[in-house]
$ cat structure_24.cif   # mmCIF, C-alpha atoms
data_start
loop_
_atom_site.label_atom_id
_atom_site.label_comp_id
_atom_site.auth_asym_id
_atom_site.auth_seq_id
_atom_site.Cartn_x
_atom_site.Cartn_y
_atom_site.Cartn_z
CA MET D 1 -37.91 198.62 64.87
CA CYS D 2 -36.91 195.43 66.45
CA THR D 3 -34.27 196.32 68.99
CA VAL D 4 -32.88 192.85 69.05
CA CYS D 5 -32.13 192.27 65.43
CA GLY D 6 -32.99 195.65 63.98
CA CYS D 7 -35.06 193.90 61.36
CA SER D 8 -36.26 196.55 59.07
CA SER D 9 -37.83 199.44 60.77
CA GLY D 10 -41.40 200.32 60.23
CA ASN D 11 -43.32 199.46 57.23
CA LEU D 12 -42.05 196.03 56.32
CA LYS D 13 -45.01 194.04 55.16
CA ILE D 14 -45.36 190.59 53.78
CA ASP D 15 -48.55 190.26 51.81
CA GLY D 16 -50.03 193.23 53.55
CA GLU D 17 -49.32 192.01 57.04
CA SER D 18 -46.92 194.00 59.06
CA LYS D 19 -43.90 191.97 60.01
CA ASP D 20 -42.88 194.01 62.97
CA HIS D 21 -42.38 191.21 65.35
CA MET D 22 -45.79 190.27 66.35
CA LEU D 23 -46.59 187.43 64.11
CA ASP D 24 -46.74 183.92 65.28
CA GLN D 25 -43.97 183.18 62.85
CA PRO D 26 -40.84 182.04 64.51
CA HIS D 27 -38.45 184.86 64.76
CA ASP D 28 -35.32 183.33 65.95
CA HIS D 29 -32.82 185.66 67.41
CA SER D 30 -30.60 183.11 68.90
CA HIS D 31 -28.21 182.90 66.03
CA SER D 32 -25.26 181.04 67.26
CA HIS D 33 -22.86 183.58 66.00
CA SER D 34 -20.07 181.49 64.70
CA HIS D 35 -17.33 184.07 64.50
CA ASN D 36 -15.62 183.23 61.33
CA HIS D 37 -12.00 183.95 61.88
CA GLY D 38 -10.87 182.63 58.61
CA HIS D 39 -10.21 185.95 56.99
CA SER D 40 -8.88 185.57 53.56
CA HIS D 41 -5.49 187.08 53.97
CA ASP D 42 -5.14 189.33 51.02
CA HIS D 43 -1.45 189.48 50.40
CA PRO D 44 -1.25 191.22 47.12
CA HIS D 45 1.62 193.34 48.24
CA SER D 46 5.05 191.98 48.62
CA HIS D 47 4.94 191.37 52.34
CA ASP D 48 5.36 194.93 53.28
CA HIS D 49 3.96 194.88 56.75
CA ASP D 50 4.45 198.38 57.93
CA HIS D 51 0.74 198.94 58.20
CA SER D 52 -1.52 197.31 60.70
CA HIS D 53 -2.09 193.79 59.63
CA ASP D 54 -5.57 192.39 59.68
CA HIS D 55 -4.67 189.34 61.51
CA ASP D 56 -7.36 187.09 62.78
CA HIS D 57 -6.74 187.47 66.45
CA ASP D 58 -9.99 188.81 67.69
CA HIS D 59 -10.36 189.01 71.36
CA SER D 60 -6.97 188.50 72.77
CA HIS D 61 -3.68 189.85 71.79
CA ASP D 62 -1.89 186.61 71.92
CA HIS D 63 0.57 186.96 69.16
CA ILE D 64 1.87 183.49 69.32
CA HIS D 65 3.02 182.82 65.85
CA HIS D 66 3.79 179.39 64.75
CA ASP D 67 7.02 178.54 63.14
CA ASP D 68 5.48 178.25 59.78
CA HIS D 69 4.14 181.76 60.04
CA THR D 70 6.92 184.14 60.69
CA HIS D 71 5.76 187.55 59.55
CA ASP D 72 6.23 190.40 61.93
CA TYR D 73 2.83 191.83 62.52
CA GLY D 74 1.97 195.12 64.05
CA LYS D 75 4.99 195.96 66.07
CA GLY D 76 5.19 199.36 67.61
CA PRO D 77 2.98 201.42 69.85
CA ALA D 78 -0.60 200.51 70.49
CA HIS D 79 -0.12 197.44 68.45
CA ALA D 80 -0.83 199.29 65.26
CA HIS D 81 -4.38 200.15 66.10
CA ALA D 82 -6.46 202.30 63.90
CA PRO D 83 -5.34 205.89 64.00
CA GLY D 84 -7.35 207.96 66.46
CA LEU D 85 -7.99 205.13 68.85
CA SER D 86 -6.14 205.20 72.11
CA GLN D 87 -5.08 202.15 73.99
CA ALA D 88 -7.74 202.92 76.64
CA ARG D 89 -9.87 199.87 76.25
CA MET D 90 -9.73 198.45 72.82
CA VAL D 91 -11.89 195.72 71.54
CA GLN D 92 -10.89 194.22 68.25
CA ILE D 93 -13.85 192.68 66.59
CA GLU D 94 -13.07 192.49 62.90
CA GLN D 95 -16.58 191.74 61.87
CA ASN D 96 -18.10 192.27 58.52
CA ILE D 97 -20.92 194.75 58.83
CA LEU D 98 -23.09 192.61 56.64
CA SER D 99 -22.44 189.54 58.77
CA LYS D 100 -25.95 189.58 60.21
CA ASN D 101 -27.51 189.62 56.78
CA ASP D 102 -25.07 186.96 55.67
CA GLU D 103 -26.22 184.71 58.50
CA TYR D 104 -29.81 185.00 57.38
CA ALA D 105 -28.72 184.46 53.79
CA SER D 106 -26.80 181.32 54.77
CA ALA D 107 -29.87 179.96 56.50
CA ASN D 108 -31.89 180.61 53.34
CA ARG D 109 -29.20 178.99 51.22
CA ALA D 110 -29.25 175.91 53.43
CA PHE D 111 -33.04 175.82 53.09
CA PHE D 112 -32.72 175.86 49.30
CA ASN D 113 -29.92 173.32 49.21
CA GLU D 114 -31.72 170.85 51.42
CA ARG D 115 -34.70 170.93 49.14
CA GLY D 116 -32.89 171.08 45.80
CA ILE D 117 -34.48 174.43 45.07
CA LEU D 118 -32.96 176.82 42.56
CA ALA D 119 -33.33 180.35 43.90
CA LEU D 120 -32.60 183.27 41.60
CA ASN D 121 -32.43 186.90 42.63
CA LEU D 122 -33.68 189.08 39.78
CA VAL D 123 -32.37 192.61 39.89
CA SER D 124 -32.75 195.58 37.59
CA SER D 125 -33.69 199.21 37.52
CA PRO D 126 -37.42 199.98 37.63
CA GLY D 127 -39.16 199.50 34.32
CA SER D 128 -36.71 197.12 32.67
CA GLY D 129 -39.37 194.44 32.42
CA LYS D 130 -38.64 192.22 35.42
CA THR D 131 -42.23 191.28 36.14
CA THR D 132 -43.14 190.82 32.46
CA THR D 133 -40.08 188.62 32.03
CA LEU D 134 -41.00 186.64 35.10
CA CYS D 135 -44.60 186.10 33.96
CA ARG D 136 -43.52 184.86 30.55
CA THR D 137 -40.79 182.68 32.03
CA ILE D 138 -43.21 181.09 34.47
CA ASN D 139 -45.71 180.42 31.72
CA GLU D 140 -43.01 178.54 29.82
CA LEU D 141 -41.84 176.59 32.85
CA LYS D 142 -44.90 175.87 34.90
CA ASP D 143 -46.10 172.77 33.06
CA LYS D 144 -42.81 171.03 33.75
CA HIS D 145 -41.59 172.58 36.97
CA ALA D 146 -43.02 173.97 40.15
CA CYS D 147 -42.32 177.67 40.52
CA SER D 148 -42.93 180.23 43.20
CA VAL D 149 -42.13 183.89 43.50
CA ILE D 150 -41.15 186.35 46.20
CA GLU D 151 -41.95 189.85 45.01
CA GLY D 152 -40.19 192.81 46.53
CA ASP D 153 -41.54 196.31 46.09
CA GLN D 154 -41.66 199.36 48.28
CA GLN D 155 -45.43 199.44 48.14
CA THR D 156 -48.46 197.68 46.61
CA ALA D 157 -49.15 194.01 46.00
CA ASN D 158 -49.65 194.59 42.27
CA ASP D 159 -46.73 192.50 41.15
CA ALA D 160 -47.62 189.48 43.26
CA GLU D 161 -51.11 189.66 41.82
CA ARG D 162 -49.71 189.72 38.29
CA ILE D 163 -47.66 186.64 39.11
CA ARG D 164 -50.58 184.82 40.73
CA GLU D 165 -52.53 185.27 37.49
CA THR D 166 -50.06 182.81 35.95
CA GLY D 167 -51.27 180.27 38.48
CA VAL D 168 -48.16 179.96 40.65
CA LYS D 169 -47.64 180.87 44.28
CA ALA D 170 -46.40 184.36 44.94
CA ILE D 171 -45.83 186.36 48.06
CA GLN D 172 -45.39 190.10 48.19
CA VAL D 173 -42.86 191.71 50.47
CA ASN D 174 -43.28 195.45 50.87
CA THR D 175 -40.06 196.93 52.06
CA GLY D 176 -41.65 200.18 53.13
CA LYS D 177 -38.85 202.69 53.22
CA GLY D 178 -36.27 200.05 52.39
CA CYS D 179 -34.53 200.04 49.06
CA HIS D 180 -33.73 196.35 48.85
CA LEU D 181 -34.75 192.93 50.09
CA ASP D 182 -32.53 191.44 52.75
CA GLY D 183 -31.91 187.93 53.94
CA HIS D 184 -34.24 188.29 56.89
CA MET D 185 -37.24 189.36 54.81
CA VAL D 186 -36.71 186.50 52.38
CA GLY D 187 -36.45 184.04 55.27
CA HIS D 188 -39.83 185.21 56.58
CA ALA D 189 -41.35 185.00 53.12
CA LEU D 190 -40.04 181.46 52.63
CA GLY D 191 -41.82 180.41 55.80
CA SER D 192 -45.16 181.41 54.32
CA LEU D 193 -44.38 180.44 50.73
CA ASN D 194 -43.28 176.89 51.46
CA PRO D 195 -41.78 176.13 48.03
CA GLU D 196 -41.69 172.56 46.70
CA GLU D 197 -38.58 170.46 46.53
CA GLY D 198 -36.77 170.69 43.24
CA SER D 199 -38.61 173.85 42.24
CA PHE D 200 -37.72 177.32 41.06
CA VAL D 201 -37.94 180.20 43.50
CA PHE D 202 -37.70 183.54 41.77
CA ILE D 203 -37.00 186.51 44.00
CA GLU D 204 -37.87 189.73 42.26
CA ASN D 205 -35.89 192.38 44.07
CA VAL D 206 -36.85 196.02 44.44
CA GLY D 207 -36.14 197.91 41.22
CA ASN D 208 -32.78 199.39 42.11
CA LEU D 209 -29.35 198.80 40.64
CA VAL D 210 -27.45 199.91 43.73
CA CYS D 211 -28.36 198.45 47.10
CA PRO D 212 -29.51 194.94 46.20
CA ALA D 213 -25.96 194.22 45.00
CA SER D 214 -24.67 194.19 48.57
CA PHE D 215 -27.34 192.05 50.18
CA ASP D 216 -27.06 188.33 49.75
CA LEU D 217 -30.45 186.64 49.98
CA GLY D 218 -29.18 183.07 49.77
CA GLU D 219 -29.79 182.82 46.04
CA ALA D 220 -27.75 180.64 43.70
CA HIS D 221 -27.34 183.44 41.19
CA LYS D 222 -28.17 187.06 40.72
CA VAL D 223 -29.65 187.69 37.29
CA VAL D 224 -29.54 191.31 36.17
CA ILE D 225 -32.05 192.48 33.60
CA LEU D 226 -31.14 195.43 31.42
CA SER D 227 -33.47 196.71 28.74
CA VAL D 228 -32.26 198.21 25.49
CA THR D 229 -34.11 201.43 26.24
CA GLU D 230 -31.77 202.17 29.13
CA GLY D 231 -28.40 202.99 27.60
CA GLU D 232 -25.20 201.11 26.92
CA ASP D 233 -23.28 202.50 29.87
CA LYS D 234 -25.51 201.15 32.66
CA PRO D 235 -22.98 198.44 33.54
CA LEU D 236 -20.33 201.12 34.02
CA LYS D 237 -22.66 203.39 35.94
CA TYR D 238 -23.69 200.60 38.31
CA PRO D 239 -20.64 198.35 38.32
CA ASP D 240 -21.37 196.70 41.67
CA MET D 241 -24.56 195.15 40.43
CA PHE D 242 -23.15 193.92 37.14
CA HIS D 243 -20.17 192.57 39.02
CA ALA D 244 -22.40 190.67 41.42
CA ALA D 245 -24.58 189.10 38.71
CA ASP D 246 -23.77 185.85 36.93
CA LEU D 247 -26.16 186.36 34.05
CA MET D 248 -27.39 189.45 32.24
CA LEU D 249 -30.63 189.36 30.32
CA LEU D 250 -30.69 192.06 27.69
CA ASN D 251 -34.42 192.60 27.42
CA LYS D 252 -36.72 194.29 24.89
CA VAL D 253 -34.49 193.41 21.92
CA ASP D 254 -37.61 193.54 19.72
CA LEU D 255 -37.26 197.34 19.98
CA LEU D 256 -33.74 197.40 18.56
CA PRO D 257 -34.81 198.36 15.01
CA HIS D 258 -36.50 201.48 16.37
CA ILE D 259 -33.87 202.87 18.69
CA GLU D 260 -30.18 203.61 18.79
CA PHE D 261 -28.59 201.04 21.01
CA ASP D 262 -25.24 199.35 20.62
CA VAL D 263 -25.60 195.77 21.82
CA GLU D 264 -21.92 194.94 21.40
CA GLN D 265 -20.85 197.99 23.37
CA THR D 266 -23.23 197.08 26.18
CA ILE D 267 -21.91 193.54 26.41
CA GLU D 268 -18.36 194.85 26.35
CA ASN D 269 -19.17 197.23 29.19
CA ALA D 270 -20.71 194.42 31.21
CA ARG D 271 -17.65 192.21 30.65
CA ARG D 272 -15.45 195.05 31.73
CA VAL D 273 -16.86 194.99 35.22
CA ASN D 274 -17.43 191.24 35.23
CA PRO D 275 -15.42 189.20 32.72
CA GLY D 276 -17.35 186.05 33.60
CA ILE D 277 -20.87 187.37 33.06
CA LYS D 278 -23.06 185.50 30.60
CA VAL D 279 -25.34 187.53 28.38
CA LEU D 280 -28.59 186.45 26.77
CA GLN D 281 -30.65 188.66 24.49
CA ILE D 282 -34.36 188.27 24.98
CA SER D 283 -37.67 189.91 24.34
CA SER D 284 -40.32 189.22 26.92
CA THR D 285 -42.96 190.61 24.56
CA THR D 286 -42.21 188.42 21.54
CA GLY D 287 -40.45 185.51 23.24
CA GLU D 288 -37.30 186.00 21.20
CA GLY D 289 -34.28 184.38 22.86
CA TYR D 290 -36.41 182.49 25.35
CA SER D 291 -35.22 179.06 24.30
CA ASP D 292 -31.70 179.95 25.48
CA TRP D 293 -33.00 181.46 28.71
CA ILE D 294 -35.19 178.46 29.48
CA ASN D 295 -32.25 176.15 28.69
CA TRP D 296 -30.10 178.06 31.12
CA LEU D 297 -32.80 177.84 33.77
CA GLU D 298 -33.34 174.12 33.34
CA ALA D 299 -29.63 173.35 33.28
CA THR D 300 -29.10 175.40 36.42
CA LEU D 301 -32.04 173.69 38.11
CA ALA D 302 -30.52 170.34 37.18
CA LEU D 303 -27.38 171.37 39.06
CA ALA D 304 -29.42 172.45 42.07
CA THR D 305 -31.28 169.14 42.21
CA THR D 306 -28.21 166.99 41.62
CA GLY D 307 -27.71 164.62 44.49
CA HIS D 308 -31.26 164.89 45.71
CA SER D 309 -33.39 161.81 45.81
CA PHE D 310 -36.18 163.22 43.75
CA LYS D 311 -36.44 164.21 40.14
CA THR D 312 -38.28 167.05 38.55
CA GLU D 313 -37.80 166.19 34.90
CA ASN D 314 -40.83 164.66 33.27
CA SER D 315 -42.54 164.27 36.56
CA PRO D 316 -45.57 166.32 37.39
CA SER D 317 -44.69 169.26 39.53
CA HIS D 318 -45.66 169.18 43.19
CA THR D 319 -45.16 165.44 43.22
CA LYS D 320 -42.23 163.80 44.83
CA LEU D 321 -41.01 160.52 43.49
CA ASP D 322 -41.03 157.61 45.82
CA VAL D 323 -37.71 158.18 47.53
CA SER D 324 -37.52 154.64 48.84
CA ALA D 325 -37.13 153.42 45.27
CA VAL D 326 -34.15 155.68 44.77
CA GLY D 327 -32.55 155.09 48.12
CA GLU D 328 -31.12 157.58 50.46
CA MET W 329 -29.79 204.50 50.93
CA HIS W 330 -28.65 201.19 52.31
CA GLU W 331 -26.15 202.94 54.55
CA MET W 332 -28.98 203.12 57.08
CA SER W 333 -29.34 199.33 57.09
CA LEU W 334 -25.58 199.00 57.38
CA CYS W 335 -25.62 201.17 60.49
CA GLU W 336 -28.35 199.01 61.95
CA GLY W 337 -26.06 196.07 61.26
CA ILE W 338 -23.23 197.85 63.06
CA LEU W 339 -25.45 198.50 66.06
CA GLN W 340 -26.45 194.85 66.26
CA ILE W 341 -22.82 193.83 66.27
CA LEU W 342 -22.05 196.36 69.00
CA GLU W 343 -24.92 195.09 71.11
CA ASN W 344 -23.83 191.48 70.70
CA GLU W 345 -20.26 192.33 71.52
CA SER W 346 -21.19 194.38 74.57
CA ALA W 347 -22.77 191.33 76.14
CA LYS W 348 -19.90 189.09 75.18
CA GLN W 349 -17.05 191.39 76.05
CA ASN W 350 -18.61 193.16 78.95
CA PHE W 351 -18.83 196.82 78.07
CA THR W 352 -21.71 199.24 78.34
CA LYS W 353 -20.61 202.24 76.35
CA VAL W 354 -18.93 202.57 72.99
CA LYS W 355 -16.81 205.67 72.53
CA LYS W 356 -15.21 205.11 69.16
CA VAL W 357 -15.94 202.82 66.27
CA ALA W 358 -13.33 202.17 63.61
CA LEU W 359 -14.53 200.84 60.28
CA GLU W 360 -12.52 199.64 57.34
CA ILE W 361 -14.17 200.57 54.09
CA GLY W 362 -12.92 199.89 50.60
CA PRO W 363 -13.91 201.92 47.57
CA LEU W 364 -15.54 198.87 45.97
CA SER W 365 -17.80 198.12 48.92
CA GLY W 366 -20.65 200.16 47.49
CA VAL W 367 -20.75 202.46 50.50
CA GLU W 368 -21.07 206.20 50.34
CA ILE W 369 -19.01 207.32 53.30
CA ASP W 370 -20.80 210.63 53.82
CA ALA W 371 -24.15 208.88 53.87
CA LEU W 372 -22.75 206.33 56.29
CA LYS W 373 -21.54 209.05 58.67
CA PHE W 374 -24.92 210.71 58.56
CA SER W 375 -26.81 207.48 59.17
CA PHE W 376 -24.44 206.43 61.92
CA ASP W 377 -25.34 209.34 64.18
CA VAL W 378 -29.03 208.83 63.56
CA VAL W 379 -29.03 205.09 64.16
CA MET W 380 -26.79 205.18 67.25
CA LYS W 381 -29.07 207.65 69.00
CA GLY W 382 -30.43 206.16 72.21
CA SER W 383 -28.09 203.19 72.03
CA LEU W 384 -24.93 202.20 73.84
CA ALA W 385 -23.00 204.00 71.12
CA GLU W 386 -24.87 207.30 71.20
CA GLY W 387 -22.47 210.15 70.52
CA SER W 388 -19.64 207.81 69.66
CA GLU W 389 -17.01 208.88 67.20
CA LEU W 390 -16.94 207.16 63.84
CA ILE W 391 -13.50 206.60 62.42
CA ILE W 392 -13.34 205.51 58.81
CA ILE W 393 -10.22 203.81 57.60
CA GLU W 394 -10.37 204.03 53.84
CA MET W 395 -8.71 200.99 52.35
CA PRO W 396 -7.14 201.12 48.92
CA ALA W 397 -8.53 199.15 46.03
CA THR W 398 -5.90 197.06 44.36
CA ALA W 399 -5.78 194.69 41.45
CA TRP W 400 -3.32 192.25 39.96
CA CYS W 401 -2.30 193.24 36.47
CA MET W 402 -1.59 190.20 34.34
CA GLN W 403 0.55 192.16 31.91
CA CYS W 404 2.73 193.93 34.48
CA ALA W 405 2.60 190.95 36.85
CA GLU W 406 2.28 193.42 39.66
CA THR W 407 -0.27 194.75 42.09
CA VAL W 408 -1.60 198.14 41.07
CA THR W 409 -3.94 200.59 42.72
CA ILE W 410 -7.29 201.23 41.08
CA GLU W 411 -10.20 203.53 41.77
CA GLN W 412 -13.07 201.66 40.21
CA ARG W 413 -13.90 198.16 39.19
CA TYR W 414 -13.53 198.74 35.48
CA ASP W 415 -10.32 200.74 35.56
CA ASP W 416 -7.51 199.82 33.22
CA CYS W 417 -4.05 199.26 34.60
CA PRO W 418 -2.65 202.70 35.51
CA VAL W 419 0.81 201.54 34.42
CA CYS W 420 0.37 199.67 31.16
CA GLY W 421 -3.26 200.34 30.25
CA SER W 422 -4.21 196.69 30.09
CA ALA W 423 -7.77 195.71 30.99
CA GLN W 424 -6.60 192.32 32.26
CA LEU W 425 -6.93 193.18 35.90
CA GLN W 426 -8.10 191.03 38.72
CA VAL W 427 -9.38 192.96 41.71
CA THR W 428 -7.57 191.80 44.85
CA ALA W 429 -8.75 194.23 47.51
CA GLY W 430 -11.17 197.09 48.01
CA GLU W 431 -14.42 195.41 49.03
CA GLU W 432 -13.74 195.81 52.75
CA LEU W 433 -16.76 196.64 54.82
CA SER W 434 -16.04 195.69 58.37
CA ILE W 435 -15.78 196.91 61.92
CA LYS W 436 -12.15 196.81 62.85
CA GLU W 437 -12.11 197.83 66.47
CA LEU W 438 -13.85 199.76 69.20
CA GLU W 439 -12.93 201.93 72.10
CA VAL W 440 -15.25 201.10 74.95
CA ASP W 441 -16.01 201.68 78.59
#
$ encode --input "structure_24.cif" --output "structure tokens"
Amino acid sequence: MCTVCGCSSGNLKIDGESKDHMLDQPHDHSHSHSHNHGHSHDHPHSHDHDHSHDHDHDHSHDHIHHDDHTHDYGKGPAHAHAPGLSQARMVQIEQNILSKNDEYASANRAFFNERGILALNLVSSPGSGKTTTLCRTINELKDKHACSVIEGDQQTANDAERIRETGVKAIQVNTGKGCHLDGHMVGHALGSLNPEEGSFVFIENVGNLVCPASFDLGEAHKVVILSVTEGEDKPLKYPDMFHAADLMLLNKVDLLPHIEFDVEQTIENARRVNPGIKVLQISSTTGEGYSDWINWLEATLALATTGHSFKTENSPSHTKLDVSAVGE
Amino acid sequence: MHEMSLCEGILQILENESAKQNFTKVKKVALEIGPLSGVEIDALKFSFDVVMKGSLAEGSELIIIEMPATAWCMQCAETVTIEQRYDDCPVCGSAQLQVTAGEELSIKELEVD
């Protein structure tokens, strides 16, 4: 394991090459750690400050409150430290544990934004049809838009090979023992993938409805795929994932006549954990519902490319328009 | 399973802070964890000991401050405590709840040498 950044121990491989810190790829550890002190002060309670207040004073204990800010924070012994900690030598750091991943994810997001790329993080349980959905989607998009794919699996490069058969670029990330992709792995993969401006980047996460919910990769949206063979209560069983996703694709709807599955109940369950989630019903075998899905993709890409001095519509993929004609 | 990666994240933060704040040994680590953070606390405790082995925080004590999950109930116009994301309001039974806290997953403070 990398002792500097702890980037995934052991077996992380990108397209079969081990990524344990020996590649010529830049591996920048000098993240300029911009301590974000702007904690969102959750004040749901009615200003009852008898507990320790998560105030954003990190390193010093200077409780100089301004006039416009007159709550009484953390009076009393030991300045209301966590129970069990003595005053011996305390260091308040108030850092989100995922902050390292979030830094990598922000770098990825900046990469996408600068290039007008729409990045989507596809998540689901194993066997819900992620790769089949991706192949069909790419076949429908690739004549109009450039696409590329980052495939995450514990082992094998099978999925990347399936994607490459569609004719688009794909890179396989093997997470080894890991159960999810993280921002660092995706950053490495982007370096090799080199996606076009104004294109789609699909990130197919490891089949797992738990861990990928917590790890931001820099994507614009998480899209969760649920197949009708899985059961209506999946959104309730794995609420974090359905909460984190902006769109749910209900896949394999061509099987509905043959099985017992309550579509309405499933959608209701999903809305319960995420009132804002959009739901599209599709079949990646028959193509049912794909016009809506492709519309969503193109509309979302249009948002991602807005403000960029190139256009993807009606222009051959991989080709940039003459930017001088459009102006900076 | 991602508790292991979280502990690696904690260790990175400790290492960064030790350089910045001039300490060489971490004796206690206090974490704030909300029930909606997706963390299994037992798994985290287990991973913590494993990951900290051989580091500046080897043998350190892990203190977990479990934060409550709360939501704003539109019907009651009050903050209520919930257990899970899809809970109904424990007072009026309404499903019109907006989660306001419970996703905490942060290192609060350290005791160091």
$ atom_distance --input "structure_24.cif" --atom1 "CA of Thr300 in chain D" --atom2 "CA of Gly231 in chain D"
29.0 Å
$ residues_around --input "structure_24.cif" --residues "Val367 in chain W" --least-positions-apart "5" --cutoff "8 Å" --atoms "all atoms listed in the file" --output "number ranges by chain"
W: 331, 361, 372
$ closest_residue --input "structure_24.cif" --among "D:Asn113, D:Lys237, D:Asn251, D:Asp292" --to "Asn269 in chain D" --atoms "all atoms listed in the file"
D:Lys237
$ residues_around --input "structure_24.cif" --residues "Leu364 in chain W" --least-positions-apart "2" --cutoff "12 Å" --atoms "all atoms listed in the file" --output "JSON, numbers by chain"
{"D": [213, 214, 238, 239, 240, 241, 243, 244, 273], "W": [360, 361, 362, 366, 367, 368, 369, 394, 395, 396, 397, 398, 399, 410, 411, 412, 413, 414, 415, 427, 428, 429, 430, 431, 432, 433]}
$ residues_around --input "structure_24.cif" --residues "Ile391 in chain W" --least-positions-apart "6" --cutoff "8 Å" --atoms "all atoms listed in the file" --output "number ranges by chain"
D: 84; W: 356-359
